[in-house]
file upload_15.cif (mmCIF, C-alpha atoms and all ligand atoms)
data_query
#
loop_
_atom_site.label_atom_id
_atom_site.label_comp_id
_atom_site.auth_asym_id
_atom_site.auth_seq_id
_atom_site.Cartn_x
_atom_site.Cartn_y
_atom_site.Cartn_z
CA MET A 1 -132.88 -8.51 -62.30
CA ALA A 2 -130.97 -5.36 -63.18
CA ILE A 3 -132.32 -2.07 -61.93
CA SER A 4 -132.42 0.36 -64.80
CA VAL A 5 -131.10 3.73 -63.86
CA THR A 6 -131.60 6.67 -66.12
CA PHE A 7 -130.83 10.05 -64.71
CA VAL A 8 -132.35 13.46 -65.00
CA PRO A 9 -129.90 15.60 -67.03
CA PHE A 10 -127.26 17.42 -65.05
CA LYS A 11 -128.43 20.87 -66.11
CA ASN A 12 -131.34 20.48 -63.69
CA ARG A 13 -128.78 20.59 -60.90
CA LEU A 14 -129.20 24.34 -60.74
CA THR A 15 -132.76 23.93 -59.53
CA MET A 16 -131.28 22.61 -56.29
CA ALA A 17 -129.06 25.59 -55.61
CA TYR A 18 -131.41 27.23 -53.12
CA ILE A 19 -131.52 24.23 -50.74
CA GLU A 20 -129.41 24.73 -47.63
CA PRO A 21 -127.06 21.83 -46.85
CA ALA A 22 -128.18 19.80 -43.84
CA PRO A 23 -126.56 21.09 -40.64
CA ILE A 24 -123.77 19.01 -39.15
CA VAL A 25 -123.74 18.60 -35.37
CA ASP A 26 -121.55 16.63 -32.97
CA LYS A 27 -123.89 13.81 -31.89
CA GLU A 28 -125.77 13.27 -35.06
CA ASN A 29 -129.50 13.30 -35.19
CA PRO A 30 -130.21 10.20 -37.37
CA PHE A 31 -132.84 12.03 -39.41
CA GLU A 32 -130.35 14.78 -40.28
CA ALA A 33 -127.70 12.15 -41.08
CA MET A 34 -130.12 10.52 -43.52
CA MET A 35 -131.12 13.90 -44.99
CA SER A 36 -127.54 14.98 -45.66
CA ARG A 37 -126.95 11.90 -47.88
CA PHE A 38 -130.39 12.32 -49.47
CA HIS A 39 -129.52 15.93 -50.20
CA THR A 40 -126.20 15.09 -51.87
CA ALA A 41 -127.69 12.32 -54.00
CA ALA A 42 -130.66 14.49 -54.98
CA GLN A 43 -128.30 17.26 -56.07
CA ILE A 44 -126.28 14.94 -58.28
CA LEU A 45 -129.50 13.56 -59.76
CA GLY A 46 -130.82 17.07 -60.34
CA LEU A 47 -134.05 16.22 -58.59
CA GLU A 48 -136.69 18.91 -59.00
CA GLU A 49 -137.64 21.00 -55.99
CA GLN A 50 -141.20 19.73 -55.68
CA VAL A 51 -140.21 16.05 -55.90
CA TYR A 52 -137.41 16.67 -53.38
CA ASN A 53 -139.96 18.09 -50.97
CA VAL A 54 -142.32 15.13 -51.45
CA LEU A 55 -139.60 12.53 -50.87
CA LYS A 56 -138.08 14.15 -47.82
CA SER A 57 -141.37 14.39 -45.89
CA PRO A 58 -142.73 11.34 -44.03
CA ALA A 59 -146.25 10.56 -45.31
CA LYS A 60 -147.68 9.80 -41.87
CA GLN A 61 -146.48 9.93 -38.26
CA VAL A 62 -148.47 8.28 -35.49
CA THR A 63 -147.65 8.62 -31.77
CA VAL A 64 -149.56 6.64 -29.17
CA SER A 65 -149.56 6.31 -25.39
CA LEU A 66 -149.74 2.71 -24.27
CA PRO A 67 -150.84 2.03 -20.68
CA VAL A 68 -149.66 -1.46 -19.70
CA THR A 69 -150.21 -3.33 -16.43
CA MET A 70 -146.82 -4.46 -15.11
CA ASP A 71 -146.32 -7.69 -13.15
CA ASP A 72 -146.37 -5.82 -9.83
CA GLY A 73 -149.86 -4.48 -10.60
CA THR A 74 -148.79 -0.89 -11.39
CA ILE A 75 -149.72 0.71 -14.68
CA LYS A 76 -146.89 2.11 -16.77
CA VAL A 77 -147.46 4.32 -19.81
CA PHE A 78 -145.14 3.71 -22.78
CA GLU A 79 -144.80 5.95 -25.82
CA GLY A 80 -145.06 4.20 -29.19
CA TYR A 81 -144.52 5.42 -32.74
CA ARG A 82 -145.12 4.33 -36.30
CA VAL A 83 -143.81 6.52 -39.09
CA ILE A 84 -144.76 5.79 -42.67
CA HIS A 85 -142.21 7.55 -44.78
CA SER A 86 -143.53 6.56 -48.21
CA THR A 87 -146.08 4.39 -49.97
CA ILE A 88 -145.04 5.40 -53.48
CA LEU A 89 -143.60 1.99 -54.43
CA GLY A 90 -146.20 -0.06 -52.55
CA PRO A 91 -147.45 -0.79 -49.03
CA SER A 92 -145.03 0.48 -46.42
CA LYS A 93 -142.64 -1.99 -44.81
CA GLY A 94 -140.37 -1.84 -41.80
CA GLY A 95 -139.59 -3.24 -38.39
CA ILE A 96 -140.58 -2.39 -34.85
CA ARG A 97 -137.85 -1.43 -32.38
CA PHE A 98 -138.13 -1.91 -28.62
CA ASP A 99 -135.29 0.12 -27.13
CA PRO A 100 -134.93 2.78 -24.41
CA GLU A 101 -133.45 5.27 -26.89
CA VAL A 102 -136.36 5.12 -29.35
CA ASN A 103 -137.56 8.62 -30.25
CA ILE A 104 -139.49 10.17 -33.10
CA ASP A 105 -136.40 11.45 -34.98
CA GLU A 106 -134.81 8.02 -34.91
CA VAL A 107 -138.02 6.37 -36.13
CA LYS A 108 -138.39 8.98 -38.90
CA ALA A 109 -134.83 8.30 -40.12
CA LEU A 110 -135.28 4.53 -39.94
CA ALA A 111 -138.56 4.81 -41.87
CA ALA A 112 -136.90 6.81 -44.66
CA TRP A 113 -134.02 4.31 -44.77
CA MET A 114 -136.61 1.56 -45.33
CA THR A 115 -137.96 3.45 -48.36
CA TRP A 116 -134.48 3.72 -49.88
CA LYS A 117 -133.59 0.15 -48.92
CA CYS A 118 -136.66 -1.38 -50.61
CA ALA A 119 -136.00 0.74 -53.71
CA VAL A 120 -132.30 -0.28 -53.88
CA VAL A 121 -133.19 -3.99 -53.94
CA ASP A 122 -136.19 -3.32 -56.19
CA ILE A 123 -138.97 -4.82 -54.08
CA PRO A 124 -142.48 -3.32 -54.31
CA TYR A 125 -142.66 -1.66 -50.91
CA GLY A 126 -142.57 1.80 -49.42
CA GLY A 127 -140.84 2.45 -46.11
CA ALA A 128 -141.98 2.63 -42.49
CA LYS A 129 -140.66 2.02 -38.99
CA GLY A 130 -142.16 1.63 -35.55
CA GLY A 131 -140.79 1.80 -32.08
CA VAL A 132 -141.60 1.83 -28.40
CA ALA A 133 -139.34 3.46 -25.82
CA CYS A 134 -138.84 0.62 -23.34
CA GLN A 135 -136.13 -1.69 -21.96
CA PRO A 136 -137.18 -5.22 -22.99
CA ARG A 137 -134.20 -6.74 -21.14
CA GLU A 138 -135.75 -5.63 -17.87
CA MET A 139 -139.30 -6.72 -18.70
CA SER A 140 -140.94 -10.12 -18.23
CA ALA A 141 -142.33 -12.03 -21.23
CA GLY A 142 -145.85 -11.23 -19.98
CA GLU A 143 -145.11 -7.50 -19.83
CA ILE A 144 -143.60 -7.52 -23.32
CA GLU A 145 -146.62 -9.44 -24.64
CA ARG A 146 -149.08 -6.94 -23.15
CA LEU A 147 -147.03 -4.05 -24.53
CA MET A 148 -146.93 -5.61 -28.01
CA ARG A 149 -150.67 -6.29 -27.98
CA ALA A 150 -151.41 -2.73 -26.77
CA TYR A 151 -149.18 -1.32 -29.53
CA THR A 152 -150.83 -3.50 -32.20
CA GLN A 153 -154.29 -2.53 -30.95
CA ALA A 154 -153.38 1.16 -31.12
CA MET A 155 -152.00 0.70 -34.66
CA SER A 156 -154.78 -1.55 -35.95
CA ASP A 157 -155.90 1.04 -38.52
CA VAL A 158 -152.33 1.71 -39.60
CA PHE A 159 -151.21 -1.90 -40.18
CA GLY A 160 -152.58 -4.11 -42.95
CA PRO A 161 -151.23 -6.61 -45.49
CA ASP A 162 -151.85 -4.13 -48.32
CA GLN A 163 -151.20 -1.06 -46.21
CA ASP A 164 -148.32 -1.26 -43.76
CA ILE A 165 -146.45 -4.46 -42.89
CA PRO A 166 -144.31 -4.54 -39.74
CA ALA A 167 -141.40 -6.88 -38.96
CA PRO A 168 -138.78 -7.36 -36.23
CA ASP A 169 -136.06 -4.85 -35.46
CA MET A 170 -133.80 -4.29 -32.43
CA GLY A 171 -135.39 -5.73 -29.28
CA THR A 172 -138.11 -7.69 -31.11
CA GLY A 173 -138.18 -11.06 -32.88
CA PRO A 174 -140.47 -13.88 -34.04
CA ARG A 175 -142.17 -14.17 -30.62
CA GLU A 176 -143.29 -10.52 -30.70
CA MET A 177 -144.40 -10.84 -34.35
CA ALA A 178 -146.59 -13.81 -33.35
CA TRP A 179 -148.36 -11.65 -30.73
CA LEU A 180 -148.78 -8.87 -33.27
CA MET A 181 -150.25 -11.24 -35.85
CA ASP A 182 -152.60 -12.76 -33.29
CA GLN A 183 -153.82 -9.41 -31.93
CA TYR A 184 -154.39 -7.99 -35.42
CA SER A 185 -156.18 -11.19 -36.51
CA ARG A 186 -158.47 -11.12 -33.44
CA ASN A 187 -159.49 -7.60 -34.38
CA LYS A 188 -160.35 -8.63 -37.92
CA GLY A 189 -162.08 -11.86 -36.89
CA MET A 190 -159.87 -13.95 -39.18
CA THR A 191 -156.25 -15.04 -39.46
CA VAL A 192 -154.25 -12.45 -41.39
CA SER A 193 -150.75 -13.92 -41.78
CA ALA A 194 -149.48 -11.40 -44.30
CA VAL A 195 -149.92 -8.42 -41.93
CA VAL A 196 -146.47 -9.00 -40.45
CA THR A 197 -143.22 -10.74 -41.42
CA GLY A 198 -140.50 -12.35 -39.34
CA LYS A 199 -143.05 -14.70 -37.75
CA PRO A 200 -142.13 -18.10 -36.30
CA ILE A 201 -141.87 -20.69 -39.10
CA VAL A 202 -144.81 -22.77 -37.76
CA MET A 203 -147.19 -19.87 -38.20
CA GLY A 204 -146.23 -18.71 -41.67
CA GLY A 205 -142.73 -17.39 -41.18
CA SER A 206 -140.32 -17.94 -44.06
CA LEU A 207 -137.40 -20.31 -43.94
CA GLY A 208 -134.25 -18.24 -44.12
CA ARG A 209 -135.77 -15.08 -42.60
CA THR A 210 -133.86 -15.22 -39.30
CA GLU A 211 -130.45 -15.30 -40.96
CA ALA A 212 -131.47 -13.17 -43.97
CA THR A 213 -129.95 -9.83 -42.91
CA GLY A 214 -126.63 -11.43 -41.90
CA ARG A 215 -126.64 -13.45 -45.10
CA GLY A 216 -127.09 -10.31 -47.21
CA VAL A 217 -124.17 -8.74 -45.33
CA MET A 218 -122.08 -11.79 -46.24
CA VAL A 219 -123.15 -11.74 -49.91
CA THR A 220 -122.42 -8.01 -50.37
CA ALA A 221 -119.16 -8.27 -48.38
CA LEU A 222 -117.92 -11.07 -50.66
CA ALA A 223 -118.99 -9.13 -53.76
CA ALA A 224 -117.07 -6.07 -52.54
CA MET A 225 -114.03 -8.18 -51.59
CA GLU A 226 -113.96 -9.59 -55.08
CA LYS A 227 -113.81 -6.06 -56.52
CA LEU A 228 -111.08 -5.12 -54.04
CA LYS A 229 -109.20 -8.36 -54.76
CA ILE A 230 -109.27 -9.45 -51.12
CA ASN A 231 -109.08 -13.22 -50.77
CA PRO A 232 -111.71 -14.27 -48.16
CA PHE A 233 -109.51 -17.18 -47.06
CA LYS A 234 -106.76 -14.75 -46.11
CA ALA A 235 -109.01 -11.98 -44.81
CA THR A 236 -109.63 -10.84 -41.24
CA CYS A 237 -112.80 -9.32 -39.90
CA ALA A 238 -114.25 -7.52 -36.86
CA VAL A 239 -117.99 -7.55 -36.19
CA GLN A 240 -119.49 -4.98 -33.85
CA GLY A 241 -122.76 -6.27 -32.33
CA PHE A 242 -123.68 -9.90 -31.69
CA GLY A 243 -127.45 -9.74 -31.99
CA ASN A 244 -129.36 -11.28 -34.88
CA VAL A 245 -127.52 -9.41 -37.66
CA GLY A 246 -123.98 -9.46 -36.22
CA SER A 247 -124.01 -13.07 -35.04
CA TRP A 248 -125.34 -14.38 -38.36
CA ALA A 249 -122.96 -12.21 -40.37
CA ALA A 250 -120.04 -13.49 -38.25
CA GLN A 251 -121.08 -17.14 -38.68
CA LEU A 252 -121.62 -16.89 -42.41
CA LEU A 253 -118.41 -14.92 -43.02
CA GLU A 254 -116.49 -17.47 -40.95
CA ASP A 255 -118.06 -20.24 -43.09
CA ARG A 256 -116.76 -18.46 -46.19
CA GLY A 257 -113.20 -18.52 -44.88
CA LEU A 258 -112.74 -15.20 -43.06
CA LYS A 259 -111.01 -15.11 -39.71
CA ILE A 260 -113.20 -13.24 -37.20
CA LEU A 261 -110.71 -11.50 -34.92
CA SER A 262 -113.20 -9.58 -32.84
CA ILE A 263 -116.88 -9.51 -31.84
CA SER A 264 -118.79 -7.40 -29.34
CA ASP A 265 -122.07 -6.89 -27.52
CA VAL A 266 -123.31 -4.59 -24.76
CA SER A 267 -120.93 -6.32 -22.31
CA GLY A 268 -117.86 -5.19 -24.31
CA ALA A 269 -115.63 -6.34 -27.18
CA TYR A 270 -113.63 -9.57 -27.43
CA PHE A 271 -110.46 -10.15 -29.43
CA ASN A 272 -108.50 -13.24 -30.43
CA ASP A 273 -105.55 -12.97 -32.80
CA HIS A 274 -106.06 -16.58 -33.97
CA GLY A 275 -109.71 -15.96 -34.75
CA ILE A 276 -112.77 -16.39 -32.54
CA ASP A 277 -114.65 -19.68 -32.85
CA ILE A 278 -118.08 -18.21 -33.61
CA GLN A 279 -120.03 -21.41 -32.84
CA ASP A 280 -118.32 -21.48 -29.44
CA ALA A 281 -119.17 -17.82 -28.80
CA LEU A 282 -122.80 -18.45 -29.82
CA LYS A 283 -123.05 -21.40 -27.43
CA TYR A 284 -121.62 -19.24 -24.66
CA ARG A 285 -124.03 -16.38 -25.42
CA ASP A 286 -127.07 -18.67 -25.48
CA ALA A 287 -126.08 -20.28 -22.18
CA HIS A 288 -125.55 -16.86 -20.51
CA LYS A 289 -128.84 -15.01 -20.97
CA GLY A 290 -127.87 -13.71 -24.40
CA SER A 291 -124.67 -11.99 -23.19
CA LEU A 292 -120.97 -12.55 -23.95
CA GLU A 293 -120.01 -11.26 -20.47
CA GLY A 294 -117.20 -13.46 -19.13
CA TYR A 295 -116.48 -15.15 -22.50
CA LYS A 296 -113.12 -16.92 -22.21
CA GLY A 297 -112.37 -17.62 -25.89
CA ALA A 298 -110.91 -14.14 -26.38
CA GLU A 299 -109.41 -11.23 -24.47
CA LYS A 300 -111.52 -8.23 -23.61
CA ILE A 301 -110.91 -4.98 -25.50
CA THR A 302 -112.95 -1.80 -25.78
CA ASN A 303 -115.56 -1.15 -28.39
CA GLU A 304 -113.42 1.68 -29.77
CA GLU A 305 -110.48 -0.71 -30.14
CA LEU A 306 -112.65 -3.13 -32.11
CA LEU A 307 -113.66 -0.39 -34.55
CA THR A 308 -110.04 0.62 -35.21
CA LEU A 309 -108.45 -2.85 -35.54
CA PRO A 310 -106.21 -3.45 -38.58
CA VAL A 311 -108.65 -5.88 -40.25
CA ASP A 312 -109.70 -6.26 -43.88
CA LEU A 313 -113.42 -6.08 -43.14
CA LEU A 314 -115.31 -4.18 -40.45
CA VAL A 315 -119.01 -4.97 -39.96
CA PRO A 316 -120.82 -2.51 -37.69
CA ALA A 317 -123.99 -4.44 -36.83
CA ALA A 318 -125.36 -2.70 -33.75
CA LYS A 319 -126.74 0.84 -33.73
CA GLU A 320 -126.60 4.25 -35.37
CA ASP A 321 -123.72 6.68 -35.10
CA VAL A 322 -120.85 4.42 -33.95
CA ILE A 323 -118.39 5.42 -36.68
CA THR A 324 -118.06 9.15 -36.21
CA HIS A 325 -115.71 11.97 -37.26
CA LEU A 326 -113.85 11.28 -33.99
CA ASN A 327 -112.89 7.63 -34.63
CA ALA A 328 -113.04 7.61 -38.46
CA PRO A 329 -109.46 8.92 -38.82
CA LYS A 330 -108.25 5.87 -36.83
CA ILE A 331 -110.15 3.22 -38.78
CA GLN A 332 -107.78 0.78 -40.47
CA ALA A 333 -110.23 -1.61 -42.19
CA LYS A 334 -110.10 -1.72 -45.99
CA LEU A 335 -113.82 -2.36 -46.29
CA ILE A 336 -116.82 -1.49 -44.11
CA VAL A 337 -120.08 -3.39 -44.68
CA GLU A 338 -122.92 -1.85 -42.68
CA GLY A 339 -125.12 -4.47 -41.04
CA ALA A 340 -126.78 -1.86 -38.82
CA ASN A 341 -128.95 1.01 -39.99
CA GLY A 342 -127.04 4.29 -39.95
CA PRO A 343 -123.86 3.15 -38.13
CA THR A 344 -121.73 5.84 -39.83
CA SER A 345 -122.36 9.50 -39.14
CA SER A 346 -122.59 11.75 -42.19
CA LYS A 347 -119.62 13.72 -40.87
CA ALA A 348 -117.51 10.53 -40.96
CA ASP A 349 -118.45 9.77 -44.59
CA GLY A 350 -115.96 12.23 -46.08
CA ILE A 351 -113.09 11.13 -43.81
CA ILE A 352 -113.63 7.48 -44.74
CA TYR A 353 -113.91 8.28 -48.44
CA GLU A 354 -110.69 10.32 -48.35
CA LYS A 355 -108.90 7.45 -46.61
CA GLY A 356 -109.84 5.20 -49.53
CA ILE A 357 -111.92 2.84 -47.39
CA SER A 358 -114.78 1.23 -49.35
CA VAL A 359 -118.20 1.21 -47.71
CA VAL A 360 -121.13 -1.01 -48.64
CA PRO A 361 -123.84 1.23 -47.18
CA ASP A 362 -126.63 0.11 -44.84
CA ILE A 363 -129.47 0.58 -47.33
CA LEU A 364 -127.77 -1.99 -49.55
CA ALA A 365 -125.80 -4.20 -47.13
CA ASN A 366 -128.62 -4.95 -44.69
CA ALA A 367 -131.44 -5.19 -47.23
CA GLY A 368 -131.37 -9.01 -47.14
CA GLY A 369 -133.76 -8.94 -44.17
CA VAL A 370 -136.51 -7.00 -45.88
CA THR A 371 -135.95 -8.99 -49.07
CA VAL A 372 -136.78 -12.26 -47.32
CA SER A 373 -139.62 -10.45 -45.49
CA TYR A 374 -140.99 -9.75 -48.95
CA PHE A 375 -140.69 -13.47 -49.77
CA GLU A 376 -142.53 -14.29 -46.55
CA TRP A 377 -145.36 -11.93 -47.50
CA VAL A 378 -145.50 -13.42 -51.02
CA GLN A 379 -145.65 -16.98 -49.60
CA ASN A 380 -148.40 -16.00 -47.13
CA ARG A 381 -150.45 -14.49 -49.92
CA LEU A 382 -149.93 -17.52 -52.14
CA GLY A 383 -150.75 -19.86 -49.26
CA TYR A 384 -147.58 -21.71 -50.14
CA LYS A 385 -144.17 -22.46 -48.68
CA TRP A 386 -140.79 -22.19 -50.37
CA THR A 387 -137.76 -24.31 -49.50
CA ALA A 388 -134.80 -22.68 -47.75
CA GLU A 389 -132.79 -23.35 -50.89
CA ARG A 390 -135.23 -21.32 -53.02
CA VAL A 391 -135.34 -18.46 -50.51
CA ASN A 392 -131.54 -18.24 -50.28
CA ARG A 393 -130.98 -18.54 -54.01
CA ARG A 394 -133.45 -15.77 -54.80
CA SER A 395 -132.32 -13.43 -52.04
CA ASP A 396 -128.63 -13.93 -52.91
CA ARG A 397 -129.40 -13.03 -56.50
CA ILE A 398 -131.30 -9.88 -55.52
CA MET A 399 -128.48 -8.78 -53.21
CA LYS A 400 -125.79 -9.45 -55.79
CA ASP A 401 -127.71 -7.63 -58.56
CA ALA A 402 -128.34 -4.66 -56.27
CA PHE A 403 -124.66 -4.58 -55.34
CA ASP A 404 -123.58 -4.66 -59.01
CA ASN A 405 -126.01 -1.89 -59.89
CA VAL A 406 -124.87 0.40 -57.05
CA TYR A 407 -121.22 -0.36 -57.83
CA ARG A 408 -121.77 0.55 -61.47
CA VAL A 409 -123.45 3.86 -60.60
CA SER A 410 -120.69 4.70 -58.11
CA ASN A 411 -118.07 4.21 -60.84
CA GLU A 412 -120.07 6.03 -63.46
CA TYR A 413 -120.66 9.11 -61.27
CA LYS A 414 -117.41 8.88 -59.28
CA VAL A 415 -119.27 8.90 -55.99
CA SER A 416 -119.15 6.64 -52.93
CA MET A 417 -121.30 3.53 -52.94
CA ARG A 418 -123.45 5.22 -50.29
CA ILE A 419 -124.32 8.15 -52.50
CA ALA A 420 -124.74 5.78 -55.46
CA ALA A 421 -127.22 3.67 -53.47
CA TYR A 422 -129.23 6.78 -52.57
CA MET A 423 -129.14 7.86 -56.22
CA VAL A 424 -130.51 4.49 -57.40
CA ALA A 425 -133.23 4.58 -54.74
CA ILE A 426 -134.27 8.21 -55.12
CA ASP A 427 -134.33 7.93 -58.90
CA LYS A 428 -136.66 4.94 -58.73
CA VAL A 429 -139.05 6.46 -56.19
CA ALA A 430 -139.04 9.86 -57.95
CA LYS A 431 -139.87 8.30 -61.33
CA THR A 432 -142.66 6.22 -59.84
CA TYR A 433 -144.02 9.30 -58.09
CA LYS A 434 -144.11 11.20 -61.37
CA PHE A 435 -145.99 8.36 -63.10
CA ARG A 436 -148.48 8.05 -60.25
CA GLY A 437 -149.01 11.80 -59.94
CA GLY A 438 -150.79 13.56 -57.08
CA PHE A 439 -153.32 16.25 -56.24
N1 LIG B 501 -135.90 -4.26 -39.36
C1 LIG B 501 -135.30 -4.77 -40.55
C2 LIG B 501 -134.60 -3.65 -41.30
O1 LIG B 501 -134.23 -2.64 -40.75
C3 LIG B 501 -136.26 -5.57 -41.42
C4 LIG B 501 -137.46 -4.86 -41.91
C5 LIG B 501 -138.48 -5.76 -42.59
O2 LIG B 501 -138.21 -6.93 -42.77
O3 LIG B 501 -139.56 -5.25 -42.91
O4 LIG B 501 -134.31 -3.77 -42.45
#
call {"tool": "encode", "arguments": {"input": "upload_15.cif", "output": "structure tokens"}}
result
Amino acid sequence: MAISVTFVPFKNRLTMAYIEPAPIVDKENPFEAMMSRFHTAAQILGLEEQVYNVLKSPAKQVTVSLPVTMDDGTIKVFEGYRVIHSTILGPSKGGIRFDPEVNIDEVKALAAWMTWKCAVVDIPYGGAKGGVACQPREMSAGEIERLMRAYTQAMSDVFGPDQDIPAPDMGTGPREMAWLMDQYSRNKGMTVSAVVTGKPIVMGGSLGRTEATGRGVMVTALAAMEKLKINPFKATCAVQGFGNVGSWAAQLLEDRGLKILSISDVSGAYFNDHGIDIQDALKYRDAHKGSLEGYKGAEKITNEELLTLPVDLLVPAAKEDVITHLNAPKIQAKLIVEGANGPTSSKADGIIYEKGISVVPDILANAGGVTVSYFEWVQNRLGYKWTAERVNRRSDRIMKDAFDNVYRVSNEYKVSMRIAAYMVAIDKVAKTYKFRGGF
């Protein structure tokens, strides 16, 4: 499935001249980081002013206060968000993040990234994101369940299988999606499986969904290594973050022959010159409340040291803004494949490009998750189940085709793969917008 890219002629570039470049600040606001790439890609595409303004503005932003009874009987009020960036390509799609640092600017950026991500892999969805500012690690299962049900209740007019389809993100997983599906279904008086993806397999989740994001990271990393002539059996790798995305990426890359020299989580980073045994690290993590604290299979290093190790492949798979203008000059990896959303600040982009480091950007590299979410939604609507083999084969093909398309555009326009991915995405959404029209 090749994405056809035809561009607006370059002469239209002039129409963009009046737009101020996005400001660059020290600690980057994720929305501004997203906008600065959007701006560059839109300029190269020669996007008209009015379409630029449509695509940069989130379609809908909902903020809710969620009073939840805690286990000690007190009532705590949480702030929850859902931002729908775009529904131009289809119903909006995107995860729900439970994290203390959740704020409206982060959710707005993540929602826009979902729009571009779905467009890059050519699936018929717009983009959205939700979040609740909370610390799930310090909450009981009962408290998290009540919070998830309160959030779903508050968003019951926003969500819908043809409207807006949530999924897991940082701090949430299949268990939370099950509560969401149940609460939404109770409201409607019938079971509505397709309202959410990333559900447990027994209740309509798709085989392959849990590992899908990490698998897409592996597929795009191997595709990029082939272009760079890096032999995976001789390659070394560092993975920052050992949650769902990082731990699956590490396992699957190890399976394909790479030596994983370093991994990390909130407890710190771990390094072993001979390669970390990922299965061993996973066993340790699962036996120690999800943390690598005290892991003996490697020596402890700092997170900054992990990012600047002399490895072939660096996979940032934790949060936004970890590769910045401050550490970018010290990065030694030949290739960065972004498992996280927004791990590289826009100010670091230029430094990395100048150093000749290739980057498979987030909106391409981590799109395997939403791709298999799409398959889950399709299966729910068909009332049918696919085998893991079918899911993996189809998602691998989508990821590989998307990679090839972005790579081609980056060569054709002599731009980074990040800007090329934005160009592919913006071009697709802009063309669809023009066909659909508006008021
Ligand atoms: N939260 C994931 C992401 O950032 C998955 C979204 C989805 O499956 O809808 O891509």
call {"tool": "closest_residue", "arguments": {"input": "upload_15.cif", "among": "A:Gly80, A:Gly368, A:Pro58, A:Gly290", "to": "ligand LIG 501 (chain B)", "atoms": "all atoms listed in the file"}}
result
A:Gly368
call {"tool": "residues_near_ligand", "arguments": {"input": "upload_15.cif", "ligand": "ligand LIG 501 (chain B)", "cutoff": "8 Å", "atoms": "all atoms listed in the file", "output": "list in words"}}
result
Lys93, Gly94, Gly95, Ile96, Arg97, Leu110, Met114, Lys117, Lys129, Ile165, Pro166, Ala167, Pro168, Asp169, Met170, Thr197, Gly198, Thr213, Ala340, Asn341, Asn366, Ala367, Gly368, Gly369, Val370, Thr371, Val372, Ser373 and Tyr374 of chain A
call {"tool": "residues_around", "arguments": {"input": "upload_15.cif", "residues": "A:Ile260", "least_positions_apart": "5", "cutoff": "10 Å", "atoms": "only C-alpha atoms", "output": "ChimeraX atom specification"}}
result
/A:235-239,250-251,253-254,271-278,311,313-314
call {"tool": "residues_around", "arguments": {"input": "upload_15.cif", "residues": "A:Met417", "least_positions_apart": "2", "cutoff": "8 Å", "atoms": "only C-alpha atoms", "output": "ChimeraX atom specification"}}
result
/A:358-361,406-407,409-410,415,419-421
call {"tool": "residues_around", "arguments": {"input": "upload_15.cif", "residues": "A:Glu320", "least_positions_apart": "6", "cutoff": "10 Å", "atoms": "all atoms listed in the file", "output": "VMD selection string"}}
result
chain A and resid 28 to 30 33 106 110 340 to 345
call {"tool": "atom_distance", "arguments": {"input": "upload_15.cif", "atom1": "atom CA of A:Glu304", "atom2": "atom CA of A:Gly356"}}
result
20.4 Å
call {"tool": "residues_around", "arguments": {"input": "upload_15.cif", "residues": "stretch 391-396 of chain A", "least_positions_apart": "6", "cutoff": "12 Å", "atoms": "only C-alpha atoms", "output": "mmCIF file with C-alpha atoms, in the coordinates of the input"}}
result
data_model
loop_
_atom_site.group_PDB
_atom_site.id
_atom_site.type_symbol
_atom_site.label_atom_id
_atom_site.label_comp_id
_atom_site.auth_asym_id
_atom_site.auth_seq_id
_atom_site.Cartn_x
_atom_site.Cartn_y
_atom_site.Cartn_z
ATOM 1 C CA MET A 1 -132.880 -8.510 -62.300
ATOM 2 C CA VAL A 121 -133.190 -3.990 -53.940
ATOM 3 C CA ASP A 122 -136.190 -3.320 -56.190
ATOM 4 C CA ILE A 123 -138.970 -4.820 -54.080
ATOM 5 C CA GLY A 205 -142.730 -17.390 -41.180
ATOM 6 C CA SER A 206 -140.320 -17.940 -44.060
ATOM 7 C CA LEU A 207 -137.400 -20.310 -43.940
ATOM 8 C CA GLY A 208 -134.250 -18.240 -44.120
ATOM 9 C CA ARG A 209 -135.770 -15.080 -42.600
ATOM 10 C CA THR A 210 -133.860 -15.220 -39.300
ATOM 11 C CA GLU A 211 -130.450 -15.300 -40.960
ATOM 12 C CA ALA A 212 -131.470 -13.170 -43.970
ATOM 13 C CA THR A 213 -129.950 -9.830 -42.910
ATOM 14 C CA GLY A 214 -126.630 -11.430 -41.900
ATOM 15 C CA ARG A 215 -126.640 -13.450 -45.100
ATOM 16 C CA GLY A 216 -127.090 -10.310 -47.210
ATOM 17 C CA VAL A 217 -124.170 -8.740 -45.330
ATOM 18 C CA MET A 218 -122.080 -11.790 -46.240
ATOM 19 C CA VAL A 219 -123.150 -11.740 -49.910
ATOM 20 C CA THR A 220 -122.420 -8.010 -50.370
ATOM 21 C CA ALA A 221 -119.160 -8.270 -48.380
ATOM 22 C CA LEU A 222 -117.920 -11.070 -50.660
ATOM 23 C CA ALA A 223 -118.990 -9.130 -53.760
ATOM 24 C CA ALA A 365 -125.800 -4.200 -47.130
ATOM 25 C CA ASN A 366 -128.620 -4.950 -44.690
ATOM 26 C CA ALA A 367 -131.440 -5.190 -47.230
ATOM 27 C CA GLY A 368 -131.370 -9.010 -47.140
ATOM 28 C CA GLY A 369 -133.760 -8.940 -44.170
ATOM 29 C CA VAL A 370 -136.510 -7.000 -45.880
ATOM 30 C CA THR A 371 -135.950 -8.990 -49.070
ATOM 31 C CA VAL A 372 -136.780 -12.260 -47.320
ATOM 32 C CA SER A 373 -139.620 -10.450 -45.490
ATOM 33 C CA TYR A 374 -140.990 -9.750 -48.950
ATOM 34 C CA PHE A 375 -140.690 -13.470 -49.770
ATOM 35 C CA GLU A 376 -142.530 -14.290 -46.550
ATOM 36 C CA VAL A 378 -145.500 -13.420 -51.020
ATOM 37 C CA GLN A 379 -145.650 -16.980 -49.600
ATOM 38 C CA LYS A 385 -144.170 -22.460 -48.680
ATOM 39 C CA ALA A 402 -128.340 -4.660 -56.270
ATOM 40 C CA PHE A 403 -124.660 -4.580 -55.340
#
